2 protein chains.
Amino acid sequence: MGASKDKIKKLKKKLSKLKKKLKLVSAAASVPAVSPLAPKGGFPDLPTIDGVSFAAGQAGIKYPGRDDVMLVKIAANSSVAGVFTKSATRAAPVLDCQDKMKAALPKDKPFAILVNSGNANAFTGAKGASSVAAICKMVAKRLGTSPDCVFTASTGVIGEPLPHDRIIAQIDDLSARLSPENAQAAARAIMTTDTFAKGACATVNIGGKTVRIAGFAKGSGMIAPDMATMLVYIFTDAAIVQSTLQTMLSTLNERSFNAITVDSDTSTSDSLMLVATGKSGAPMIDDVASPEGKSFATALGKVMLELSHLVVKDGEGATKFVEVNVTGAASDKSARTIALAIANSPLVKTALAGEDPNWGRVVMAVGKSSEPANRDKLSILFGDILVAENGWVADSYAEEMGVDYMKNAELSITVDVGIDQGCATVWTCDLTHQYITINADYRS
Amino acid sequence: MGASKDKIKKLKKKLSKLKKKLKLVSAAASVPAVSPLAPKGGFPDLPTIDGVSFAAGQAGIKYPGRDDVMLVKIAANSSVAGVFTKSATRAAPVLDCQDKMKAALPKDKPFAILVNSGNANAFTGAKGASSVAAICKMVAKRLGTSPDCVFTASTGVIGEPLPHDRIIAQIDDLSARLSPENAQAAARAIMTTDTFAKGACATVNIGGKTVRIAGFAKGSGMIAPDMATMLVYIFTDAAIVQSTLQTMLSTLNERSFNAITVDSDTSTSDSLMLVATGKSGAPMIDDVASPEGKSFATALGKVMLELSHLVVKDGEGATKFVEVNVTGAASDKSARTIALAIANSPLVKTALAGEDPNWGRVVMAVGKSSEPANRDKLSILFGDILVAENGWVADSYAEEMGVDYMKNAELSITVDVGIDQGCATVWTCDLTHQYITINADYRS
């Protein structure tokens, strides 16, 4: 009897040991439900924007039991600006949006945006275009506008026909439930591999009136300039002339959504739209360089930067948020190429994942960029720590300093390449087992 | 007593289940000792090359208990050609080799090649150059030649000073043990994260004489055009004028070592050298376009292609060897850019790892290349299986066909972009958990 008890004790001990080990090994490859880099406070309390209302619903396109379609209604007399992917294989909704933006948009009719997740309606030939047309027609009918005022986007699997009937079947219900309060639900409905909904907002005083900006974004993998599987919708009650709005959006996009990379892969569906309803009563902005234009652009830039960083923080498998600064380059463009070479290097990104201060890989990435760099003047900083200068490890640097620094969740790498005054900043994340887990199984 | 027995039985069953699970989970991330794509026959039986002798030894630079330095002696009156990395941050030995190749090489003195593994002597400033000089001086002294005839290469960690004294201490011993039979030992000594030694050979009849070509390569990660952490040394007893030899090597390099990518990262140390001793007694080749020149180039091309494929097959974490063909592009250059966009896409590479026939990601990669492509004429083949044509999934294609095909260890992806006649082929491997395991822990 004693022998049996001993045996049971031993077996239980073995079992417990094995369980611990399994937990450890599994953790290395298992994907957390929410990114460790997600903001602690959750989705922000977005202000409502007068003239904009949202609804989310379940079309059952791919994901069972969750919202996968959102509808936004925008008041007539609004200005609408957009930036879209430059991919040569861009999706049907993107082509449709671009065509509509090129034409003069009707001013006296409401606008609408309809987005679905689960299917990208990309590489779907003529069928793709007719799906878009069918959806726009029905939305226009329900909201009393023209199909030319309806913008769509689709995100998800490429190359499968979009079951647009399921979306159309939801439009009555969506229209009935439109509310200015539903922004968060809309942000959730357009998520794919995203682990958290991403929102940002700001207020700014324009001519004595408070102007509100509120936006949300989705994006997690296939994120790179230009641009990403990234859908971004930003709304404001400011009054801004359409051409001015477009200039602001395009300019600020270069320093935010076009300066982030998760995996260097560019999506076929990227869409960024900015809508100004003018309902705040603030004076009309018609010049980017005016004091009002500058104030608004500063606030808008803040919202766009925040949203773009949130996309990186939800990068597939990300455990580190990394800012890459390049200075001393031949030009700003050259600096950007070098910064992206560092930010996209699998060897740099895996070193970051392993919390390895492997600055040699940073040197390699500078070298591979094909941009001018003076090897013997090169300096590298991790945060404020001078790692290398004049083409050689810094006297003041000790490996332990780098090892300690790499434990942070937010990191910065600064490289001066010793040529001229060009500089650029891009943001990226690390490359982990979780990225492989997510992407080796996403579709099958 | 029966209850105890039952309990023991149950616990044992649980234990066995857990053990199995642990094995499975561990296998997903553990790195195999030898790449599953390694040739079944092992290292080939390389012919000896008259005028070339090899030795390998232990300098103890980084790896304890294994050879980490090789010396090659080459008879006087040989021709020597080389291709080196274009990295802006290239290593001291590369700069030294390039300087020596630019000068007229002495003809009447023996040549030598000395290579170490474990330390790349890159980003090591003035110290790096003096390490190279010290090694060349000692090799020249021992082998009775000029330091101008001694070429070196170093591969391994970047940014740490090379302990060249340990290498110099081995030179007497290496010189004493030089033998034409030691090529395999030399190939092993220059390995870093390589899991197998890579050799290839060919014979060809030139003017009634048998000419031999034998070479070896190292390379596993940081592999991309131009070129890779790749060291390649090829030897022949053919008689070839130096300028002709250089032209052949540069031309064939474009279609072999410059057409492979493991992780898009370019090394600071890539070196490819080709030596012709002329000892076969075959007539001198002084024209690439002559019948003899063509025969030799064909055989050399075969050896170079085989070695380059072996490097991909030893790609860090590789489980799939993948040929990417692009046709119908605006130009050959455009085709190459598209092929590399596909071959370097993390999303394509993880899909391959997951045996997922996710052709949507191929479409995405074509789109992101910024090269002209006609979305509505695009066709994609997996092996001989037509997956998509005219911008849409092929009628004859069923998902199961793709799923079955992806189980193969060697795969081909062919994309016609429907613009013009440009074409290109590149080779790559998949992106797996093992790549992360290897590279998140390589240095620390």
# chains A, B, ... in the order shown; residues from 1 in each chain; ligands from 1
call {"tool": "residues_around", "arguments": {"residues": "range 115-123 of chain A", "least_positions_apart": "4", "cutoff": "9 Å", "atoms": "only C-alpha atoms", "output": "PyMOL selection string"}}
result
(chain A and resi 59-63+67-72+89-93+127-129+131-132+151-163+167+189-192+268-269) or (chain B and resi 360+363+375-376+391-393)
call {"tool": "select_by_dssp", "arguments": {"residues": "range 158-320 of chain B", "states": "strand (DSSP E or B)", "output": "number ranges by chain"}}
result
B: 179, 198-206, 209-218, 223, 228, 231-236, 240, 260-261, 271-276, 285
call {"tool": "write_last_selection", "arguments": {"atoms": "C-alpha atoms", "output": "compact mmCIF listing (two decimals), in the first residue's frame"}}
result
# COMPACT_ATOMS: atom_id res chain seq x y z
CA SER B 179 46.77 18.23 -49.32
CA LYS B 198 28.06 21.96 -49.55
CA GLY B 199 30.10 20.71 -52.49
CA ALA B 200 29.59 20.30 -56.23
CA CYS B 201 31.72 19.23 -59.17
CA ALA B 202 31.74 18.64 -62.91
CA THR B 203 34.08 17.45 -65.64
CA VAL B 204 34.16 18.70 -69.20
CA ASN B 205 36.19 17.85 -72.29
CA ILE B 206 38.23 20.82 -73.56
CA LYS B 209 41.57 16.85 -72.31
CA THR B 210 39.38 16.24 -69.26
CA VAL B 211 39.01 19.40 -67.25
CA ARG B 212 37.78 19.23 -63.64
CA ILE B 213 35.76 21.74 -61.66
CA ALA B 214 35.24 21.35 -57.90
CA GLY B 215 33.86 23.84 -55.42
CA PHE B 216 32.29 24.32 -52.05
CA ALA B 217 30.11 26.92 -50.37
CA LYS B 218 28.92 28.02 -46.96
CA ILE B 223 21.21 35.18 -47.73
CA ALA B 228 24.57 36.64 -48.99
CA LEU B 231 31.50 32.15 -49.12
CA VAL B 232 32.11 30.15 -52.27
CA TYR B 233 35.39 28.75 -53.56
CA ILE B 234 35.57 27.00 -56.90
CA PHE B 235 38.69 25.47 -58.41
CA THR B 236 39.46 24.11 -61.88
CA ILE B 240 41.74 30.38 -68.66
CA ILE B 260 18.75 33.19 -54.33
CA THR B 261 17.26 34.61 -51.16
CA SER B 271 32.84 36.36 -51.36
CA LEU B 272 32.88 34.11 -54.40
CA MET B 273 36.25 33.13 -55.84
CA LEU B 274 37.14 31.04 -58.88
CA VAL B 275 40.65 29.77 -59.49
CA ALA B 276 41.97 28.15 -62.69
CA ILE B 285 40.57 29.63 -73.09
call {"tool": "interface_residues", "arguments": {"of": "chain A", "to": "chain B", "cutoff": "6 Å", "atoms": "only C-alpha atoms", "output": "MDAnalysis selection string"}}
result
chainID A and resid 8 15 22 87:89 123:125 158:159 266 350:351 354 356 360 367:368 375 391:392 433 439:441 444
call {"tool": "write_last_selection", "arguments": {"atoms": "N, CA and C atoms", "output": "PDB file, in the first residue's frame"}}
result
ATOM      1  N   ILE A   8       2.254   6.749  -6.731  1.00  0.00           N
ATOM      2  CA  ILE A   8       1.294   7.797  -7.113  1.00  0.00           C
ATOM      3  C   ILE A   8       1.900   9.183  -6.919  1.00  0.00           C
ATOM      4  N   LEU A  15       4.041  14.367 -13.483  1.00  0.00           N
ATOM      5  CA  LEU A  15       2.954  14.968 -14.270  1.00  0.00           C
ATOM      6  C   LEU A  15       2.985  16.491 -14.147  1.00  0.00           C
ATOM      7  N   LEU A  22       5.286  21.881 -20.626  1.00  0.00           N
ATOM      8  CA  LEU A  22       4.394  22.022 -21.783  1.00  0.00           C
ATOM      9  C   LEU A  22       3.889  23.459 -21.879  1.00  0.00           C
ATOM     10  N   SER A  87      -0.807  49.324 -54.756  1.00  0.00           N
ATOM     11  CA  SER A  87      -0.593  47.965 -55.263  1.00  0.00           C
ATOM     12  C   SER A  87      -1.120  47.824 -56.685  1.00  0.00           C
ATOM     13  N   ALA A  88      -0.341  47.117 -57.514  1.00  0.00           N
ATOM     14  CA  ALA A  88      -0.767  46.878 -58.904  1.00  0.00           C
ATOM     15  C   ALA A  88      -1.925  45.880 -58.952  1.00  0.00           C
ATOM     16  N   THR A  89      -2.152  45.173 -57.873  1.00  0.00           N
ATOM     17  CA  THR A  89      -3.226  44.176 -57.845  1.00  0.00           C
ATOM     18  C   THR A  89      -4.295  44.586 -56.834  1.00  0.00           C
ATOM     19  N   PHE A 123      -8.634  40.374 -56.431  1.00  0.00           N
ATOM     20  CA  PHE A 123      -8.346  39.365 -57.434  1.00  0.00           C
ATOM     21  C   PHE A 123      -9.605  38.543 -57.699  1.00  0.00           C
ATOM     22  N   THR A 124     -10.708  39.261 -57.870  1.00  0.00           N
ATOM     23  CA  THR A 124     -12.000  38.613 -58.092  1.00  0.00           C
ATOM     24  C   THR A 124     -12.591  39.047 -59.425  1.00  0.00           C
ATOM     25  N   GLY A 125     -11.742  39.644 -60.298  1.00  0.00           N
ATOM     26  CA  GLY A 125     -12.133  39.960 -61.668  1.00  0.00           C
ATOM     27  C   GLY A 125     -13.401  40.804 -61.772  1.00  0.00           C
ATOM     28  N   ILE A 158      -7.907  37.005 -49.903  1.00  0.00           N
ATOM     29  CA  ILE A 158      -7.813  37.444 -51.295  1.00  0.00           C
ATOM     30  C   ILE A 158      -8.206  36.292 -52.216  1.00  0.00           C
ATOM     31  N   GLY A 159      -8.921  36.615 -53.304  1.00  0.00           N
ATOM     32  CA  GLY A 159      -9.126  35.617 -54.367  1.00  0.00           C
ATOM     33  C   GLY A 159     -10.394  34.799 -54.237  1.00  0.00           C
ATOM     34  N   THR A 266       2.651  44.586 -48.626  1.00  0.00           N
ATOM     35  CA  THR A 266       1.684  45.638 -48.933  1.00  0.00           C
ATOM     36  C   THR A 266       0.364  45.010 -49.325  1.00  0.00           C
ATOM     37  N   THR A 350      14.186  39.519 -35.579  1.00  0.00           N
ATOM     38  CA  THR A 350      14.278  38.337 -34.719  1.00  0.00           C
ATOM     39  C   THR A 350      15.211  38.614 -33.541  1.00  0.00           C
ATOM     40  N   ALA A 351      16.250  39.432 -33.760  1.00  0.00           N
ATOM     41  CA  ALA A 351      17.128  39.799 -32.639  1.00  0.00           C
ATOM     42  C   ALA A 351      16.327  40.566 -31.590  1.00  0.00           C
ATOM     43  N   GLY A 354      14.276  38.303 -29.577  1.00  0.00           N
ATOM     44  CA  GLY A 354      15.096  37.561 -28.617  1.00  0.00           C
ATOM     45  C   GLY A 354      15.748  38.463 -27.590  1.00  0.00           C
ATOM     46  N   ASP A 356      17.976  40.575 -27.951  1.00  0.00           N
ATOM     47  CA  ASP A 356      19.409  40.474 -28.202  1.00  0.00           C
ATOM     48  C   ASP A 356      19.894  41.805 -28.770  1.00  0.00           C
ATOM     49  N   GLY A 360      25.271  44.428 -34.667  1.00  0.00           N
ATOM     50  CA  GLY A 360      25.914  44.004 -35.914  1.00  0.00           C
ATOM     51  C   GLY A 360      24.890  43.828 -37.028  1.00  0.00           C
ATOM     52  N   GLY A 367      24.028  48.440 -44.516  1.00  0.00           N
ATOM     53  CA  GLY A 367      24.824  48.061 -45.680  1.00  0.00           C
ATOM     54  C   GLY A 367      23.993  47.551 -46.826  1.00  0.00           C
ATOM     55  N   LYS A 368      22.932  46.811 -46.516  1.00  0.00           N
ATOM     56  CA  LYS A 368      22.139  46.189 -47.579  1.00  0.00           C
ATOM     57  C   LYS A 368      21.209  47.182 -48.277  1.00  0.00           C
ATOM     58  N   ARG A 375      30.932  53.983 -43.478  1.00  0.00           N
ATOM     59  CA  ARG A 375      31.191  52.914 -42.514  1.00  0.00           C
ATOM     60  C   ARG A 375      32.019  53.409 -41.332  1.00  0.00           C
ATOM     61  N   GLY A 391      32.374  53.886 -36.641  1.00  0.00           N
ATOM     62  CA  GLY A 391      32.581  52.560 -37.226  1.00  0.00           C
ATOM     63  C   GLY A 391      33.139  51.541 -36.261  1.00  0.00           C
ATOM     64  N   TRP A 392      32.832  51.684 -34.987  1.00  0.00           N
ATOM     65  CA  TRP A 392      33.433  50.793 -33.993  1.00  0.00           C
ATOM     66  C   TRP A 392      32.601  50.858 -32.726  1.00  0.00           C
ATOM     67  N   HIS A 433       7.803  33.956 -33.004  1.00  0.00           N
ATOM     68  CA  HIS A 433       7.134  32.682 -33.281  1.00  0.00           C
ATOM     69  C   HIS A 433       5.645  32.880 -33.539  1.00  0.00           C
ATOM     70  N   ASN A 439       0.499  33.130 -39.321  1.00  0.00           N
ATOM     71  CA  ASN A 439       0.507  33.185 -40.779  1.00  0.00           C
ATOM     72  C   ASN A 439       0.733  31.872 -41.496  1.00  0.00           C
ATOM     73  N   ALA A 440       1.205  30.870 -40.757  1.00  0.00           N
ATOM     74  CA  ALA A 440       1.339  29.561 -41.401  1.00  0.00           C
ATOM     75  C   ALA A 440      -0.007  28.831 -41.372  1.00  0.00           C
ATOM     76  N   ASP A 441      -0.981  29.384 -40.690  1.00  0.00           N
ATOM     77  CA  ASP A 441      -2.285  28.712 -40.549  1.00  0.00           C
ATOM     78  C   ASP A 441      -3.485  29.591 -40.845  1.00  0.00           C
ATOM     79  N   SER A 444      -5.792  27.968 -44.194  1.00  0.00           N
ATOM     80  CA  SER A 444      -6.133  26.545 -44.379  1.00  0.00           C
ATOM     81  C   SER A 444      -7.094  26.030 -43.321  1.00  0.00           C
TER      82      SER A 444
END
call {"tool": "select_by_dssp", "arguments": {"residues": "range 110-313 of chain B", "states": "alpha helix (DSSP H)", "output": "ChimeraX atom specification"}}
result
/B:125-143,164-168,171-176,183-189,242-255,291-313
call {"tool": "atom_distance", "arguments": {"atom1": "CA of Ala103 in chain B", "atom2": "CA of His164 in chain B"}}
result
25.1 Å
call {"tool": "atom_distance", "arguments": {"atom1": "CA of Phe43 in chain B", "atom2": "CA of Arg188 in chain B"}}
result
10.1 Å
call {"tool": "residues_around", "arguments": {"residues": "Ala38 in chain B", "least_positions_apart": "5", "cutoff": "9 Å", "atoms": "only C-alpha atoms", "output": "ChimeraX atom specification"}}
result
/B:195-196,310,313-314
call {"tool": "residues_around", "arguments": {"residues": "Leu386 in chain A", "least_positions_apart": "3", "cutoff": "12 Å", "atoms": "only C-alpha atoms", "output": "PyMOL selection string"}}
result
chain A and resi 359+378-383+389-390+392-399+401-402+405+412-416
call {"tool": "decode", "arguments": {"residues": "range 180-210 of chain A", "atoms": "N, CA and C atoms", "output": "PDB file, in the first residue's frame"}}
result
ATOM      1  N   PRO A 180     -24.732  58.023 -33.788  1.00  0.00           N
ATOM      2  CA  PRO A 180     -23.412  58.648 -33.609  1.00  0.00           C
ATOM      3  C   PRO A 180     -22.573  57.955 -32.537  1.00  0.00           C
ATOM      4  N   GLU A 181     -23.230  57.149 -31.695  1.00  0.00           N
ATOM      5  CA  GLU A 181     -22.544  56.513 -30.558  1.00  0.00           C
ATOM      6  C   GLU A 181     -21.860  55.199 -30.933  1.00  0.00           C
ATOM      7  N   ASN A 182     -22.059  54.710 -32.148  1.00  0.00           N
ATOM      8  CA  ASN A 182     -21.640  53.342 -32.476  1.00  0.00           C
ATOM      9  C   ASN A 182     -20.242  53.201 -33.082  1.00  0.00           C
ATOM     10  N   ALA A 183     -19.381  54.188 -32.887  1.00  0.00           N
ATOM     11  CA  ALA A 183     -18.059  54.129 -33.522  1.00  0.00           C
ATOM     12  C   ALA A 183     -17.254  52.898 -33.085  1.00  0.00           C
ATOM     13  N   GLN A 184     -17.292  52.590 -31.796  1.00  0.00           N
ATOM     14  CA  GLN A 184     -16.501  51.454 -31.313  1.00  0.00           C
ATOM     15  C   GLN A 184     -16.979  50.135 -31.940  1.00  0.00           C
ATOM     16  N   ALA A 185     -18.297  49.985 -32.024  1.00  0.00           N
ATOM     17  CA  ALA A 185     -18.839  48.760 -32.639  1.00  0.00           C
ATOM     18  C   ALA A 185     -18.413  48.664 -34.096  1.00  0.00           C
ATOM     19  N   ALA A 186     -18.408  49.807 -34.788  1.00  0.00           N
ATOM     20  CA  ALA A 186     -17.962  49.829 -36.187  1.00  0.00           C
ATOM     21  C   ALA A 186     -16.491  49.445 -36.285  1.00  0.00           C
ATOM     22  N   ALA A 187     -15.671  49.988 -35.369  1.00  0.00           N
ATOM     23  CA  ALA A 187     -14.234  49.674 -35.360  1.00  0.00           C
ATOM     24  C   ALA A 187     -14.003  48.182 -35.147  1.00  0.00           C
ATOM     25  N   ARG A 188     -14.839  47.548 -34.329  1.00  0.00           N
ATOM     26  CA  ARG A 188     -14.701  46.110 -34.063  1.00  0.00           C
ATOM     27  C   ARG A 188     -15.125  45.272 -35.271  1.00  0.00           C
ATOM     28  N   ALA A 189     -16.122  45.740 -35.973  1.00  0.00           N
ATOM     29  CA  ALA A 189     -16.672  44.952 -37.089  1.00  0.00           C
ATOM     30  C   ALA A 189     -15.687  44.787 -38.240  1.00  0.00           C
ATOM     31  N   ILE A 190     -14.730  45.734 -38.362  1.00  0.00           N
ATOM     32  CA  ILE A 190     -13.818  45.665 -39.511  1.00  0.00           C
ATOM     33  C   ILE A 190     -12.508  44.968 -39.164  1.00  0.00           C
ATOM     34  N   MET A 191     -12.393  44.422 -37.951  1.00  0.00           N
ATOM     35  CA  MET A 191     -11.169  43.722 -37.550  1.00  0.00           C
ATOM     36  C   MET A 191     -11.044  42.371 -38.259  1.00  0.00           C
ATOM     37  N   THR A 192      -9.787  41.967 -38.556  1.00  0.00           N
ATOM     38  CA  THR A 192      -9.539  40.594 -39.046  1.00  0.00           C
ATOM     39  C   THR A 192      -8.650  39.885 -38.024  1.00  0.00           C
ATOM     40  N   THR A 193      -7.326  39.861 -38.258  1.00  0.00           N
ATOM     41  CA  THR A 193      -6.448  39.251 -37.251  1.00  0.00           C
ATOM     42  C   THR A 193      -6.091  40.251 -36.148  1.00  0.00           C
ATOM     43  N   ASP A 194      -6.683  41.419 -36.166  1.00  0.00           N
ATOM     44  CA  ASP A 194      -6.484  42.411 -35.100  1.00  0.00           C
ATOM     45  C   ASP A 194      -6.847  41.795 -33.752  1.00  0.00           C
ATOM     46  N   THR A 195      -6.066  42.133 -32.717  1.00  0.00           N
ATOM     47  CA  THR A 195      -6.407  41.624 -31.385  1.00  0.00           C
ATOM     48  C   THR A 195      -7.088  42.679 -30.513  1.00  0.00           C
ATOM     49  N   PHE A 196      -7.108  43.927 -30.976  1.00  0.00           N
ATOM     50  CA  PHE A 196      -7.864  44.952 -30.246  1.00  0.00           C
ATOM     51  C   PHE A 196      -8.331  46.019 -31.232  1.00  0.00           C
ATOM     52  N   ALA A 197      -9.445  46.689 -30.893  1.00  0.00           N
ATOM     53  CA  ALA A 197      -9.953  47.778 -31.734  1.00  0.00           C
ATOM     54  C   ALA A 197      -9.127  49.030 -31.457  1.00  0.00           C
ATOM     55  N   LYS A 198      -8.905  49.800 -32.517  1.00  0.00           N
ATOM     56  CA  LYS A 198      -7.977  50.932 -32.417  1.00  0.00           C
ATOM     57  C   LYS A 198      -8.695  52.249 -32.678  1.00  0.00           C
ATOM     58  N   GLY A 199      -8.704  53.114 -31.688  1.00  0.00           N
ATOM     59  CA  GLY A 199      -9.348  54.404 -31.832  1.00  0.00           C
ATOM     60  C   GLY A 199      -8.457  55.517 -31.324  1.00  0.00           C
ATOM     61  N   ALA A 200      -8.664  56.725 -31.831  1.00  0.00           N
ATOM     62  CA  ALA A 200      -7.924  57.884 -31.329  1.00  0.00           C
ATOM     63  C   ALA A 200      -8.769  59.129 -31.588  1.00  0.00           C
ATOM     64  N   CYS A 201      -8.558  60.172 -30.788  1.00  0.00           N
ATOM     65  CA  CYS A 201      -9.335  61.397 -30.962  1.00  0.00           C
ATOM     66  C   CYS A 201      -8.563  62.611 -30.478  1.00  0.00           C
ATOM     67  N   ALA A 202      -9.035  63.767 -30.862  1.00  0.00           N
ATOM     68  CA  ALA A 202      -8.445  65.025 -30.424  1.00  0.00           C
ATOM     69  C   ALA A 202      -9.496  66.109 -30.547  1.00  0.00           C
ATOM     70  N   THR A 203      -9.310  67.196 -29.804  1.00  0.00           N
ATOM     71  CA  THR A 203     -10.141  68.388 -30.015  1.00  0.00           C
ATOM     72  C   THR A 203      -9.201  69.557 -30.229  1.00  0.00           C
ATOM     73  N   VAL A 204      -9.686  70.550 -30.955  1.00  0.00           N
ATOM     74  CA  VAL A 204      -8.852  71.711 -31.240  1.00  0.00           C
ATOM     75  C   VAL A 204      -9.770  72.917 -31.413  1.00  0.00           C
ATOM     76  N   ASN A 205      -9.292  74.066 -30.956  1.00  0.00           N
ATOM     77  CA  ASN A 205     -10.081  75.297 -31.068  1.00  0.00           C
ATOM     78  C   ASN A 205      -9.803  75.974 -32.410  1.00  0.00           C
ATOM     79  N   ILE A 206     -10.860  76.105 -33.184  1.00  0.00           N
ATOM     80  CA  ILE A 206     -10.729  76.799 -34.488  1.00  0.00           C
ATOM     81  C   ILE A 206     -11.699  77.985 -34.473  1.00  0.00           C
ATOM     82  N   GLY A 207     -11.157  79.184 -34.487  1.00  0.00           N
ATOM     83  CA  GLY A 207     -11.989  80.388 -34.496  1.00  0.00           C
ATOM     84  C   GLY A 207     -12.975  80.427 -33.336  1.00  0.00           C
ATOM     85  N   GLY A 208     -12.541  80.024 -32.147  1.00  0.00           N
ATOM     86  CA  GLY A 208     -13.378  80.088 -30.958  1.00  0.00           C
ATOM     87  C   GLY A 208     -14.355  78.935 -30.803  1.00  0.00           C
ATOM     88  N   LYS A 209     -14.354  78.032 -31.751  1.00  0.00           N
ATOM     89  CA  LYS A 209     -15.248  76.859 -31.668  1.00  0.00           C
ATOM     90  C   LYS A 209     -14.410  75.590 -31.420  1.00  0.00           C
ATOM     91  N   THR A 210     -14.968  74.688 -30.631  1.00  0.00           N
ATOM     92  CA  THR A 210     -14.289  73.415 -30.421  1.00  0.00           C
ATOM     93  C   THR A 210     -14.579  72.481 -31.598  1.00  0.00           C
TER      94      THR A 210
END
